[in-house]
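Trainee: I am attaching a structure below and will ask some questions about it afterwards.
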Amino acid sequence: MIDTNDAQPAPSAEELWERVEHLDGEPIAVHEACRKYDLTPPSVYRWIEAGYIRDLDGQRGGGRGYKRYLNEADVAYAAAVSDVRGRQQGRKVFIPEYRPPYLD
């Protein structure tokens, strides 16, 4: 989270995306993403439904069940925006200023 007493301005959406862009197209399973980026599954599923996190079609895990894979860059971006906005229950993460650049 950005310290409000700090003279540094909050990073822009473009700056945050540049930090995670190298992960674009890398598959990551939902629960692995939640664990790696310290996100809750309900939030991640809500962001998938809203289009903020892209589902990688054609990616399937082994075994009997279907394993849903996400674009890791999108998950990392969501986590970065959450950190900037302050992780707090009920707080909206994707305000217009932090709309993912790939949605424009």
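Ordering of the structure tokens sets the chain letters (A, B, ...); residue numbers start at 1 within each chain; ligands are numbered from 1 in the order shown.
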Pick out the residues sitting within 8 Å of stretch 40-52 of chain A, and hand them over as a count of residues only; count only C-alpha atoms, and ignore anything fewer than 3 positions along from it in its own chain.
Mentor: 10
Trainee: Residues of chain A in alpha helix (DSSP H) according to DSSP, as a PyMOL selection string?
Mentor: chain A and resi 13-20+30-37+41-50+72-85
Trainee: Using only C-alpha atoms, which residue out of A:Val84, A:Ile95, A:Ile53, A:Ala10 lies closest to A:Glu72?
Mentor: A:Ile53
Trainee: Show which residues sit within 9 Å of A:Lys92, as a list of chain:residue names. Count only C-alpha atoms, and ignore same-chain residues fewer than 4 positions away.
Mentor: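 With the cut-off at 9 Å, the set is A:Ser82, A:Arg85, A:Gln88.
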Trainee: Let's have the selection written as an mmCIF file, in the first residue's frame, with N, CA and C atoms.
Mentor:
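Contents of selection.cif, as written:
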```cif
data_model
loop_
_atom_site.group_PDB
_atom_site.id
_atom_site.type_symbol
_atom_site.label_atom_id
_atom_site.label_comp_id
_atom_site.auth_asym_id
_atom_site.auth_seq_id
_atom_site.Cartn_x
_atom_site.Cartn_y
_atom_site.Cartn_z
ATOM 1 N N SER A 82 -4.499 -3.774 -6.214
ATOM 2 C CA SER A 82 -5.011 -3.965 -4.845
ATOM 3 C C SER A 82 -4.062 -3.373 -3.819
ATOM 4 N N ARG A 85 -4.292 0.502 -4.079
ATOM 5 C CA ARG A 85 -5.573 1.009 -3.578
ATOM 6 C C ARG A 85 -5.779 0.708 -2.095
ATOM 7 N N GLN A 88 -8.660 -3.866 1.378
ATOM 8 C CA GLN A 88 -9.649 -3.715 2.430
ATOM 9 C C GLN A 88 -10.951 -4.329 1.938
#
```
Trainee: What is the atom CA of A:Arg35 to atom CA of A:Gln8 distance in Å?
Mentor: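 These atoms are spaced 29.1 Å apart.
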Trainee: Run DSSP on the backbone of this structure and report the residues of chain A it assigns to strand (DSSP E or B), as a list in words.
Mentor: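 DSSP-assigned strand (DSSP E or B) residues in chain A: Pro27, Ile28, Ala29, Asp55, Tyr69, Leu70 and Asn71 of chain A.
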Trainee: Would you save the residues from that selection as an mmCIF file, in the first residue's frame, using N, CA and C atoms?
Mentor:
```cif
data_model
loop_
_atom_site.group_PDB
_atom_site.id
_atom_site.type_symbol
_atom_site.label_atom_id
_atom_site.label_comp_id
_atom_site.auth_asym_id
_atom_site.auth_seq_id
_atom_site.Cartn_x
_atom_site.Cartn_y
_atom_site.Cartn_z
ATOM 1 N N PRO A 27 0.165 -19.168 -18.302
ATOM 2 C CA PRO A 27 -0.990 -19.736 -17.589
ATOM 3 C C PRO A 27 -0.706 -19.940 -16.103
ATOM 4 N N ILE A 28 -1.707 -19.687 -15.294
ATOM 5 C CA ILE A 28 -1.623 -19.954 -13.856
ATOM 6 C C ILE A 28 -3.011 -20.405 -13.397
ATOM 7 N N ALA A 29 -3.045 -21.480 -12.610
ATOM 8 C CA ALA A 29 -4.314 -21.998 -12.101
ATOM 9 C C ALA A 29 -4.892 -21.031 -11.076
ATOM 10 N N ASP A 55 -9.352 -15.426 -18.929
ATOM 11 C CA ASP A 55 -9.287 -16.884 -18.890
ATOM 12 C C ASP A 55 -8.504 -17.326 -20.119
ATOM 13 N N TYR A 69 -7.316 -22.070 -16.136
ATOM 14 C CA TYR A 69 -6.075 -21.316 -16.179
ATOM 15 C C TYR A 69 -6.349 -19.872 -16.564
ATOM 16 N N LEU A 70 -5.633 -18.981 -15.902
ATOM 17 C CA LEU A 70 -5.781 -17.546 -16.104
ATOM 18 C C LEU A 70 -4.504 -16.969 -16.685
ATOM 19 N N ASN A 71 -4.596 -15.777 -17.220
ATOM 20 C CA ASN A 71 -3.422 -15.052 -17.688
ATOM 21 C C ASN A 71 -2.722 -14.484 -16.447
#
```
Trainee: Select, from A:Ala33, A:Leu56, A:Val93, A:Leu39, the residue with the minimum atom-to-atom distance to A:Ala13, counting only C-alpha atoms.
Mentor: A:Val93
Trainee: Calculate how many Å separate atom CA of A:Pro11 from atom CA of A:Ala80, rounding to one decimal.
Mentor: 9.9 Å
Trainee: Go through A:Gln89, A:Tyr102, A:Lys36, A:Asp83 one by one, measure the shortest atom-to-atom distance of each to A:Trp17 using only C-alpha atoms, and give the residue with the smallest value.
Mentor: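 When distances to A:Trp17 are compared using only C-alpha atoms, the smallest one comes from A:Tyr102.
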Trainee: Kindly indicate which residue among A:Ser12, A:Tyr98, A:Arg68, A:Arg87 lies nearest to A:Glu32, using only C-alpha atoms for the distances.
Mentor: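 Going through A:Ser12, A:Tyr98, A:Arg68, A:Arg87 one by one, the smallest distance to A:Glu32 is for A:Arg68.
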Trainee: Could you name the residues that touch A:Arg19 at 10 Å or less, counting only C-alpha atoms, but leaving out those on the same chain fewer than 4 positions away, as JSON, numbers by chain?
Mentor: {"A": [14, 15, 23, 73, 76, 77, 80]}
